[in-house]
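Below is the file model04.cif, which contains mmCIF, C-alpha atoms.
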data_structure
#
loop_
_atom_site.label_atom_id
_atom_site.label_comp_id
_atom_site.auth_asym_id
_atom_site.auth_seq_id
_atom_site.Cartn_x
_atom_site.Cartn_y
_atom_site.Cartn_z
CA MET A 1293 0.00 0.00 0.00
CA THR A 1294 1.19 3.53 -0.84
CA GLU A 1295 -0.01 6.37 1.30
CA LEU A 1296 -1.72 9.25 -0.44
CA ALA A 1297 0.05 12.56 -0.36
CA ALA A 1298 -1.13 14.63 2.57
CA GLY A 1299 -3.86 17.04 1.60
CA THR A 1300 -4.84 15.27 -1.64
CA VAL A 1301 -8.08 16.85 -2.87
CA ASN A 1302 -10.76 15.29 -5.04
CA HIS A 1303 -12.44 17.71 -7.46
CA GLN A 1304 -15.90 16.58 -8.58
CA VAL A 1305 -18.67 17.48 -11.01
CA ARG A 1306 -22.19 17.12 -9.61
CA LEU A 1307 -25.60 17.55 -11.21
CA ALA A 1308 -27.04 20.84 -9.93
CA ALA A 1309 -30.20 21.11 -12.06
CA ARG A 1310 -32.14 19.23 -14.71
CA PRO A 1311 -31.68 20.90 -18.10
CA THR A 1312 -34.17 21.85 -20.76
CA GLY A 1313 -32.50 21.46 -24.14
CA LEU A 1314 -28.71 21.53 -24.19
CA PRO A 1315 -27.11 21.28 -20.74
CA GLY A 1316 -25.41 24.60 -19.99
CA PRO A 1317 -23.05 25.58 -17.16
CA GLU A 1318 -25.99 26.07 -14.78
CA VAL A 1319 -26.49 22.29 -14.79
CA TRP A 1320 -23.17 21.61 -13.06
CA GLN A 1321 -21.85 22.11 -9.57
CA HIS A 1322 -18.10 21.87 -8.99
CA THR A 1323 -17.14 20.61 -5.54
CA GLU A 1324 -14.08 19.32 -3.73
CA GLU A 1325 -13.37 17.12 -0.75
CA PRO A 1326 -10.28 15.51 0.83
CA VAL A 1327 -9.26 12.00 -0.24
CA ALA A 1328 -9.00 9.59 2.68
CA GLU A 1329 -6.79 6.53 2.94
CA PRO A 1330 -8.75 3.39 1.96
CA GLY A 1331 -10.08 1.02 4.60
CA ASP A 1332 -9.68 -2.75 4.58
CA GLY A 1333 -10.82 -4.30 1.30
CA ARG A 1334 -10.85 -0.97 -0.52
CA PHE A 1335 -8.56 1.01 -2.83
CA VAL A 1336 -8.26 4.51 -4.28
CA VAL A 1337 -8.15 5.21 -8.01
CA ARG A 1338 -6.78 8.38 -9.56
CA VAL A 1339 -9.01 8.97 -12.57
CA THR A 1340 -7.08 9.75 -15.75
CA HIS A 1341 -9.73 9.34 -18.47
CA LEU A 1342 -13.49 9.98 -18.57
CA SER A 1343 -15.82 8.49 -21.18
CA LEU A 1344 -18.33 11.02 -22.56
CA ASP A 1345 -21.42 9.45 -24.09
CA PRO A 1346 -24.73 10.61 -25.62
CA ALA A 1347 -26.63 8.56 -23.03
CA MET A 1348 -25.47 11.03 -20.38
CA ARG A 1349 -28.09 13.50 -21.59
CA GLY A 1350 -30.86 11.03 -20.74
CA TRP A 1351 -29.44 10.44 -17.27
CA MET A 1352 -30.05 14.12 -16.47
CA ASN A 1353 -33.82 13.78 -16.89
CA ASP A 1354 -36.10 12.77 -14.04
CA ALA A 1355 -37.73 10.07 -16.14
CA ARG A 1356 -38.02 6.30 -16.17
CA SER A 1357 -35.22 4.65 -18.15
CA TYR A 1358 -32.94 1.63 -18.11
CA VAL A 1359 -31.01 3.16 -15.19
CA PRO A 1360 -32.23 5.62 -12.54
CA PRO A 1361 -31.57 9.29 -13.29
CA VAL A 1362 -28.60 10.95 -11.64
CA GLY A 1363 -29.89 12.65 -8.50
CA ILE A 1364 -29.54 16.37 -7.91
CA GLY A 1365 -26.33 16.89 -5.94
CA GLU A 1366 -24.83 13.54 -6.94
CA VAL A 1367 -21.45 13.13 -8.64
CA PHE A 1368 -22.37 12.72 -12.28
CA ARG A 1369 -22.33 9.12 -13.53
CA ALA A 1370 -19.48 8.30 -15.93
CA LEU A 1371 -17.44 5.34 -17.05
CA ALA A 1372 -13.80 6.14 -16.40
CA GLY A 1373 -10.31 4.72 -16.31
CA GLY A 1374 -7.43 5.35 -13.97
CA GLU A 1375 -4.59 4.05 -11.82
CA VAL A 1376 -4.72 2.55 -8.34
CA VAL A 1377 -2.75 4.89 -6.05
CA ALA A 1378 -3.50 3.35 -2.63
CA SER A 1379 -4.83 -0.07 -1.75
CA ARG A 1380 -5.83 -2.35 1.08
CA HIS A 1381 -7.55 -4.79 -1.28
CA PRO A 1382 -5.97 -8.19 -1.99
CA ASP A 1383 -6.86 -8.14 -5.70
CA PHE A 1384 -5.90 -4.58 -6.61
CA ALA A 1385 -2.34 -3.32 -6.21
CA VAL A 1386 -0.88 0.15 -6.47
CA GLY A 1387 0.00 0.73 -10.12
CA ASP A 1388 -2.85 -1.38 -11.53
CA HIS A 1389 -4.83 0.30 -14.30
CA VAL A 1390 -8.58 -0.14 -14.07
CA THR A 1391 -11.91 0.92 -15.55
CA GLY A 1392 -15.29 1.27 -13.87
CA GLN A 1393 -18.26 3.54 -13.16
CA PHE A 1394 -16.10 6.01 -11.24
CA GLY A 1395 -18.05 9.19 -12.02
CA ALA A 1396 -16.93 12.67 -13.03
CA GLN A 1397 -14.26 13.18 -10.39
CA GLU A 1398 -10.50 12.99 -9.96
CA TYR A 1399 -10.38 10.24 -7.31
CA VAL A 1400 -12.69 7.43 -6.28
CA THR A 1401 -12.58 4.87 -3.48
CA SER A 1402 -13.83 1.41 -4.47
CA ASP A 1403 -14.38 -2.06 -3.06
CA GLY A 1404 -13.73 -3.56 -6.51
CA ALA A 1405 -17.36 -4.21 -7.53
CA GLY A 1406 -17.72 -3.69 -11.27
CA VAL A 1407 -14.06 -2.73 -11.66
CA GLN A 1408 -11.97 -4.28 -14.45
CA LYS A 1409 -8.19 -4.42 -14.72
CA VAL A 1410 -6.84 -3.38 -18.13
CA ASP A 1411 -3.47 -3.65 -19.82
CA VAL A 1412 -2.38 -0.18 -20.95
CA GLY A 1413 0.73 -1.73 -22.46
CA ALA A 1414 -1.42 -3.57 -25.02
CA ALA A 1415 -3.68 -0.57 -25.77
CA PRO A 1416 -3.97 2.94 -24.33
CA MET A 1417 -6.59 3.69 -21.69
CA SER A 1418 -8.69 5.62 -24.22
CA THR A 1419 -9.01 2.44 -26.31
CA HIS A 1420 -10.12 0.45 -23.25
CA LEU A 1421 -12.92 3.01 -22.89
CA SER A 1422 -13.83 2.85 -26.57
CA LEU A 1423 -13.13 -0.07 -28.90
CA LEU A 1424 -12.35 -2.52 -26.08
CA GLY A 1425 -14.96 -1.04 -23.73
CA MET A 1426 -18.69 -0.33 -23.82
CA THR A 1427 -18.46 1.33 -27.23
CA GLY A 1428 -17.00 -1.73 -28.90
CA MET A 1429 -19.30 -4.09 -27.02
CA THR A 1430 -22.33 -2.06 -28.16
CA ALA A 1431 -21.26 -2.24 -31.80
CA TYR A 1432 -20.37 -5.94 -31.61
CA PHE A 1433 -23.53 -7.25 -29.97
CA GLY A 1434 -25.80 -4.77 -31.69
CA LEU A 1435 -24.63 -5.78 -35.14
CA PHE A 1436 -23.97 -9.49 -34.69
CA ASP A 1437 -26.62 -10.50 -32.15
CA VAL A 1438 -29.48 -8.03 -32.53
CA GLY A 1439 -28.83 -7.39 -36.22
CA ALA A 1440 -27.86 -11.01 -36.91
CA MET A 1441 -25.63 -9.86 -39.76
CA ALA A 1442 -24.75 -12.37 -42.48
CA GLU A 1443 -21.98 -12.24 -45.07
CA GLY A 1444 -22.85 -10.20 -48.13
CA GLU A 1445 -25.46 -8.01 -46.44
CA THR A 1446 -25.61 -4.21 -46.71
CA VAL A 1447 -25.33 -2.36 -43.41
CA LEU A 1448 -26.37 1.28 -43.15
CA VAL A 1449 -25.30 3.09 -39.98
CA SER A 1450 -26.12 6.61 -38.81
CA GLY A 1451 -23.83 8.60 -36.57
CA ALA A 1452 -21.18 6.66 -38.46
CA ALA A 1453 -18.30 8.93 -37.47
CA GLY A 1454 -19.21 8.64 -33.81
CA ALA A 1455 -18.02 6.20 -31.19
CA VAL A 1456 -20.30 3.23 -31.91
CA GLY A 1457 -21.05 3.91 -35.57
CA SER A 1458 -17.40 3.99 -36.60
CA VAL A 1459 -16.95 0.50 -35.15
CA VAL A 1460 -20.17 -0.92 -36.64
CA GLY A 1461 -19.06 -0.19 -40.20
CA GLN A 1462 -15.65 -1.76 -39.64
CA LEU A 1463 -17.18 -4.88 -38.12
CA ALA A 1464 -19.54 -5.18 -41.08
CA LYS A 1465 -16.57 -5.17 -43.44
CA ILE A 1466 -14.66 -7.73 -41.36
CA ARG A 1467 -17.63 -10.10 -41.57
CA GLY A 1468 -17.90 -9.71 -45.35
CA GLY A 1469 -20.65 -7.11 -45.59
CA ARG A 1470 -21.06 -3.78 -47.30
CA ALA A 1471 -20.92 -0.69 -45.07
CA VAL A 1472 -22.61 2.63 -45.79
CA GLY A 1473 -22.24 5.41 -43.22
CA ILE A 1474 -24.20 8.60 -42.61
CA ALA A 1475 -22.22 11.44 -41.02
CA GLY A 1476 -22.07 15.24 -40.93
CA GLY A 1477 -19.48 17.04 -43.04
CA PRO A 1478 -17.02 16.15 -45.82
CA GLU A 1479 -14.12 15.51 -43.44
CA LYS A 1480 -16.03 12.88 -41.48
CA CYS A 1481 -17.31 11.23 -44.65
CA ALA A 1482 -13.81 11.10 -46.12
CA MET A 1483 -12.51 9.53 -42.90
CA LEU A 1484 -15.14 6.80 -43.05
CA VAL A 1485 -14.17 5.74 -46.57
CA ASP A 1486 -10.44 6.49 -46.67
CA GLU A 1487 -9.43 5.48 -43.14
CA LEU A 1488 -12.07 3.07 -41.84
CA GLY A 1489 -12.87 1.24 -45.07
CA PHE A 1490 -16.57 2.03 -45.47
CA ASP A 1491 -17.86 1.43 -49.00
CA ALA A 1492 -19.74 4.74 -49.10
CA ALA A 1493 -20.52 7.73 -46.90
CA ILE A 1494 -23.46 10.14 -46.98
CA ASP A 1495 -23.15 13.73 -45.74
CA TYR A 1496 -26.55 14.44 -44.22
CA ARG A 1497 -25.74 18.15 -44.01
CA ALA A 1498 -25.08 18.56 -47.73
CA GLU A 1499 -27.09 15.78 -49.40
CA ASN A 1500 -30.68 14.70 -49.70
CA VAL A 1501 -30.46 11.66 -47.45
CA ASN A 1502 -33.33 9.79 -49.12
CA LYS A 1503 -31.74 10.08 -52.55
CA ALA A 1504 -28.25 9.41 -51.24
CA VAL A 1505 -29.32 6.19 -49.48
CA ARG A 1506 -30.98 5.00 -52.70
CA ALA A 1507 -27.78 5.68 -54.63
CA ALA A 1508 -25.46 4.09 -52.06
CA ALA A 1509 -27.69 1.04 -51.48
CA PRO A 1510 -29.56 0.52 -54.77
CA ASP A 1511 -30.66 -2.98 -53.77
CA GLY A 1512 -31.86 -1.81 -50.36
CA VAL A 1513 -30.63 -2.12 -46.78
CA ASP A 1514 -30.43 -5.40 -44.86
CA ILE A 1515 -29.47 -3.85 -41.51
CA TYR A 1516 -29.95 -0.27 -40.39
CA PHE A 1517 -28.01 0.51 -37.21
CA ASP A 1518 -29.60 3.63 -35.78
CA ASN A 1519 -27.76 6.07 -33.54
CA VAL A 1520 -29.67 9.18 -34.57
CA GLY A 1521 -33.44 8.70 -34.91
CA GLY A 1522 -35.70 11.36 -36.41
CA GLU A 1523 -35.60 12.07 -40.15
CA ILE A 1524 -32.56 9.84 -40.72
CA LEU A 1525 -34.44 6.85 -39.29
CA ASP A 1526 -37.34 7.59 -41.65
CA ALA A 1527 -35.02 7.71 -44.66
CA ALA A 1528 -33.55 4.33 -43.72
CA LEU A 1529 -36.97 2.73 -43.19
CA ALA A 1530 -37.89 3.70 -46.74
CA ARG A 1531 -35.02 1.59 -48.13
CA LEU A 1532 -35.41 -1.66 -46.16
CA ARG A 1533 -35.08 -4.97 -47.95
CA MET A 1534 -37.26 -7.99 -47.26
CA HIS A 1535 -36.62 -9.33 -43.73
CA ALA A 1536 -34.38 -6.39 -42.87
CA ARG A 1537 -33.42 -5.61 -39.27
CA VAL A 1538 -33.41 -2.16 -37.68
CA VAL A 1539 -31.15 -1.99 -34.63
CA LEU A 1540 -32.12 0.82 -32.25
CA CYS A 1541 -29.00 1.89 -30.39
CA GLY A 1542 -29.60 5.60 -29.84
CA ALA A 1543 -31.40 8.72 -31.03
CA ILE A 1544 -29.04 11.63 -30.48
CA SER A 1545 -31.12 13.94 -32.68
CA GLN A 1546 -33.90 13.72 -30.08
CA TYR A 1547 -32.01 13.93 -26.78
CA ASN A 1548 -32.14 17.71 -26.41
CA ALA A 1549 -35.58 18.19 -27.95
CA GLU A 1550 -37.83 20.32 -25.77
CA GLY A 1551 -41.06 18.76 -27.06
CA ARG A 1552 -42.11 15.18 -27.59
CA PRO A 1553 -39.65 12.97 -29.51
CA VAL A 1554 -40.37 12.58 -33.21
CA GLY A 1555 -41.48 9.05 -34.09
CA PRO A 1556 -40.96 7.30 -37.45
CA ALA A 1557 -43.45 8.10 -40.20
CA ASN A 1558 -42.30 5.26 -42.47
CA TYR A 1559 -42.94 2.51 -39.93
CA MET A 1560 -45.26 0.65 -42.33
CA SER A 1561 -42.13 -0.39 -44.20
CA LEU A 1562 -41.56 -2.84 -41.36
CA LEU A 1563 -44.84 -4.57 -42.18
CA ILE A 1564 -44.45 -4.48 -45.96
CA ASN A 1565 -40.92 -5.91 -45.82
CA ARG A 1566 -41.56 -8.32 -42.93
CA ALA A 1567 -38.75 -6.47 -41.17
CA ARG A 1568 -38.18 -6.02 -37.46
CA MET A 1569 -37.05 -3.09 -35.31
CA GLU A 1570 -35.44 -3.91 -31.97
CA GLY A 1571 -33.87 -1.89 -29.22
CA PHE A 1572 -31.15 -3.29 -26.98
CA LEU A 1573 -28.90 -2.52 -24.04
CA VAL A 1574 -25.32 -3.70 -24.10
CA PHE A 1575 -25.47 -4.58 -20.38
CA ASP A 1576 -27.64 -7.57 -21.27
CA TYR A 1577 -24.57 -9.20 -22.86
CA ALA A 1578 -22.18 -8.65 -19.93
CA ASP A 1579 -21.45 -12.36 -19.49
CA ARG A 1580 -20.10 -12.45 -23.05
CA TYR A 1581 -17.88 -9.35 -22.94
CA PRO A 1582 -14.66 -11.40 -22.61
CA GLN A 1583 -15.48 -13.26 -25.83
CA ALA A 1584 -16.06 -10.01 -27.73
CA VAL A 1585 -12.99 -8.29 -26.27
CA ALA A 1586 -10.78 -11.23 -27.23
CA GLU A 1587 -12.07 -11.27 -30.82
CA MET A 1588 -11.86 -7.51 -31.25
CA SER A 1589 -8.39 -7.36 -29.69
CA GLY A 1590 -7.28 -9.86 -32.30
CA TRP A 1591 -8.68 -7.76 -35.12
CA LEU A 1592 -7.09 -4.65 -33.62
CA ASN A 1593 -3.67 -6.32 -33.44
CA GLU A 1594 -4.04 -7.59 -37.01
CA GLY A 1595 -4.77 -4.09 -38.25
CA LYS A 1596 -8.28 -5.00 -39.38
CA LEU A 1597 -9.93 -2.74 -36.83
CA ARG A 1598 -9.12 0.83 -35.84
CA SER A 1599 -10.21 2.69 -32.72
CA ALA A 1600 -11.39 6.13 -33.81
CA GLU A 1601 -10.96 8.39 -30.78
CA ASP A 1602 -11.35 12.08 -29.99
CA VAL A 1603 -9.26 12.59 -26.86
CA VAL A 1604 -9.54 16.05 -25.30
CA THR A 1605 -6.97 16.94 -22.65
CA GLY A 1606 -8.20 19.16 -19.86
CA SER A 1607 -9.27 19.32 -16.24
CA ILE A 1608 -12.30 17.82 -14.54
CA GLY A 1609 -13.76 21.31 -14.75
CA ASP A 1610 -13.91 20.93 -18.54
CA PHE A 1611 -16.37 18.04 -18.30
CA GLY A 1612 -19.52 20.01 -19.15
CA ASP A 1613 -18.08 21.90 -22.11
CA THR A 1614 -16.45 18.77 -23.50
CA LEU A 1615 -19.72 16.84 -23.27
CA LEU A 1616 -21.39 19.42 -25.52
CA ARG A 1617 -19.09 18.40 -28.38
CA LEU A 1618 -21.29 15.31 -28.78
CA PHE A 1619 -24.46 17.31 -29.38
CA ARG A 1620 -22.79 19.79 -31.71
CA GLY A 1621 -21.36 17.04 -33.88
CA ALA A 1622 -17.84 18.26 -33.12
CA ASN A 1623 -16.35 14.89 -32.21
CA THR A 1624 -15.00 12.21 -34.51
CA GLY A 1625 -15.01 8.76 -32.94
CA LYS A 1626 -15.13 8.07 -29.22
CA LEU A 1627 -15.04 11.23 -27.09
CA VAL A 1628 -12.76 10.93 -24.06
CA LEU A 1629 -11.66 13.60 -21.58
CA GLN A 1630 -8.10 12.98 -20.46
CA ILE A 1631 -7.42 14.57 -17.10
CA GLY A 1632 -4.05 16.22 -17.62
#
As structure tokens, what does this structure read like?
Amino acid sequence: MTELAAGTVNHQVRLAARPTGLPGPEVWQHTEEPVAEPGDGRFVVRVTHLSLDPAMRGWMNDARSYVPPVGIGEVFRALAGGEVVASRHPDFAVGDHVTGQFGAQEYVTSDGAGVQKVDVGAAPMSTHLSLLGMTGMTAYFGLFDVGAMAEGETVLVSGAAGAVGSVVGQLAKIRGGRAVGIAGGPEKCAMLVDELGFDAAIDYRAENVNKAVRAAAPDGVDIYFDNVGGEILDAALARLRMHARVVLCGAISQYNAEGRPVGPANYMSLLINRARMEGFLVFDYADRYPQAVAEMSGWLNEGKLRSAEDVVTGSIGDFGDTLLRLFRGANTGKLVLQIG
């Protein structure tokens, strides 16, 4: 066990108010408290990387969801990675690198529940929070289990330059499919094709999405992996093939809407094409994470898979502003705040 430096302070970000629309600075409360030495069976982690995810916007609302909302005054929920700096736990030693639901703060004391050791020599911490973390697991199980992708099928994915979408297209190519991505801006579209190997990319800001999907997938879409919702979902529904699958992963276009969410108008396409639309939560596949991590690590080492990451270096106080990058479409790949 290594003793913490005297006077070590933990800076935290807490939820101060529930936002309407985009979460501004009034939503956050910045607090600090001393870090105590861990008791028996516990250890202290210095957080070095925070995962920023679209789902965080939903956690701010006082509404029923797959997890309870973050309470007013609570440290904001966040998956994070860091290094053990003090320990009285038999399974976690000083110097171990770990990931877990540590929250938006600089230090956390844990009993080890839900904490995973990671090898930062094999891949950087940001990759353990993206491709080899929940992001990669979401893409893997969403495409292969929920989407039941088969070789030769056409996969259309929205939010394709984002954390999950960028992985979905690559996985589709690895399994012998055709990948078409929808993203915002020429730079992101070029990245999808030139760097990640997508067959085609559609710029929803500059193109008529309905026409562009028809041109990119003239024979129709077998799997639509939805991260956006709204009008993009409708355009995809209009191009479904017989027995297509629509995988509902997210709906970032709706998260900051001040009215009721916009539902799909083209839903009758599901009936006509005997297609199915299914939502899923990656947590339901937790017992199979090791299998997916092993397979994806192999593809990463072979150069078949790339972890697209947007790592922003800053302080814990930059959490709120950095999170907004997601809703402004400013990030490319997985957004991570590195505490530097």
Quiz prompt | Ground truth for the PyMOL selection byres ((chain A and resi 1574) around 10), written as a list in words | solution = Met1426, Thr1427, Gly1428, Met1429, Thr1430, Ala1431, Tyr1432, Phe1433, Gly1434, Cys1541, Phe1572, Leu1573, Phe1575, Asp1576, Tyr1577, Ala1578 and Tyr1581 of chain A
Practice problem: Run the PyMOL selection byres ((chain A and resi 1558-1564) around 9) on the file and write out the hits as a ChimeraX atom specification. | Solution: /A:1525-1532,1534-1538,1555-1557,1565-1569
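Using only C-alpha atoms, the contacts of A:Gly1590 at a cut-off of 12 Å, with sequence neighbours closer than 6 positions omitted, comprise Ala1414, Ala1415, Leu1423, Leu1424, Ile1466, Gln1583, Ala1584, Lys1596, Leu1597 and Arg1598 of chain A.
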Practice problem: Quick one: pull the distance between atom CA of A:Glu1324 and atom CA of A:Met1348, Å, one decimal. | Solution: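 These two atoms are separated by 21.8 Å.
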Quiz item: Restricting the calculation to only C-alpha atoms, which member of A:Pro1315, A:Asp1495, A:Val1327, A:Val1337 is positioned closest to A:Trp1351?
Solution: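 With only C-alpha atoms as the atom set, the closest residue is A:Pro1315.
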Self-check item: Atomic separation - atom CA of A:Ala1372 relative to atom CA of A:Gln1304, Å
Solution: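 The value is 13.2 Å.
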Quiz item: Written as a ChimeraX atom specification, what is the full residue list that the PyMOL selection byres ((chain A and resi 1388) around 6) yields on the file shown?
Solution: /A:1375-1376,1385-1387,1389
Report as a PDB file with C-alpha atoms, in the coordinates of the input all protein, DNA and RNA residues lying within 9 Å of A:Leu1344, evaluated on all atoms listed in the file, omitting residues in the same chain fewer than 2 positions from it.
ATOM      1  CA  LEU A1342     -13.490   9.980 -18.570  1.00  0.00           C
ATOM      2  CA  PRO A1346     -24.730  10.610 -25.620  1.00  0.00           C
ATOM      3  CA  ALA A1347     -26.630   8.560 -23.030  1.00  0.00           C
ATOM      4  CA  MET A1348     -25.470  11.030 -20.380  1.00  0.00           C
ATOM      5  CA  ALA A1370     -19.480   8.300 -15.930  1.00  0.00           C
ATOM      6  CA  LEU A1371     -17.440   5.340 -17.050  1.00  0.00           C
ATOM      7  CA  PHE A1611     -16.370  18.040 -18.300  1.00  0.00           C
ATOM      8  CA  THR A1614     -16.450  18.770 -23.500  1.00  0.00           C
ATOM      9  CA  LEU A1615     -19.720  16.840 -23.270  1.00  0.00           C
ATOM     10  CA  LEU A1618     -21.290  15.310 -28.780  1.00  0.00           C
ATOM     11  CA  LYS A1626     -15.130   8.070 -29.220  1.00  0.00           C
ATOM     12  CA  LEU A1627     -15.040  11.230 -27.090  1.00  0.00           C
ATOM     13  CA  VAL A1628     -12.760  10.930 -24.060  1.00  0.00           C
ATOM     14  CA  LEU A1629     -11.660  13.600 -21.580  1.00  0.00           C
TER      15      LEU A1629
END
Quiz prompt | Residue nearest A:His1420 among A:Asn1502, A:Thr1401, A:Arg1552, A:Ser1599 (counting all atoms listed in the file) | solution =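 Smallest separation from A:His1420 among the options: A:Ser1599.
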Axis-aligned box over every listed atom of stretch 1592-1596 of chain A, padded by 8 Å per side: centre and edges in Å to one decimal, as JSON?
{"center_x": -6.0, "center_y": -5.8, "center_z": -36.4, "size_x": 20.6, "size_y": 19.5, "size_z": 21.9}
Quiz item: Which one is closest to A:Asp1511: A:Met1441, A:Val1447, A:Met1352, A:Val1603? Count only C-alpha atoms.
Solution: A:Val1447
Self-check item: A:Gly1373, A:Pro1311, A:Arg1380, A:Gly1395 ranked by distance to A:Val1412, top pick (using all atoms listed in the file)
Solution: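 Once distances to A:Val1412 are computed over all atoms listed in the file, the minimum belongs to A:Gly1373.
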Quiz item: Which residue, A:Pro1360, A:Glu1366, A:Gln1546, A:Phe1335, has the smallest gap to A:Val1319 when you use only C-alpha atoms?
Solution: A:Glu1366
Exercise. Rank nothing, just name the residue among A:Arg1310, A:Asp1354, A:Thr1419, A:Val1407 nearest to A:Ser1589, using only C-alpha atoms.
Key: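 Selected residue with least distance to A:Ser1589: A:Thr1419.
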Quiz prompt | Within 7 Å of file point (-20.3, 21.8, -14.0), counting all atoms listed in the file, expressed as a list of chain:residue names | solution =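 The requested residues, written out, are A:Val1305, A:Arg1306, A:Pro1317, A:Val1319, A:Trp1320, A:Gln1321, A:His1322, A:Gly1609, A:Phe1611, A:Gly1612.
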Now that the selection is made, can you save its residues with C-alpha atoms as a compact mmCIF listing (two decimals), keeping the file's coordinate frame?
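Result file is part_25.txt:
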# COMPACT_ATOMS: atom_id res chain seq x y z
CA VAL A 1305 -18.67 17.48 -11.01
CA ARG A 1306 -22.19 17.12 -9.61
CA PRO A 1317 -23.05 25.58 -17.16
CA VAL A 1319 -26.49 22.29 -14.79
CA TRP A 1320 -23.17 21.61 -13.06
CA GLN A 1321 -21.85 22.11 -9.57
CA HIS A 1322 -18.10 21.87 -8.99
CA GLY A 1609 -13.76 21.31 -14.75
CA PHE A 1611 -16.37 18.04 -18.30
CA GLY A 1612 -19.52 20.01 -19.15
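We find atom CA of A:Val1505 and atom CA of A:Val1472 to be spaced 8.4 Å apart.
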Quiz item: Using all atoms listed in the file, can you list as a VMD selection string the residues within 6 Å of (-8.8, 10.7, -11.0)?
Solution: chain A and resid 1338 to 1340 1398 to 1399
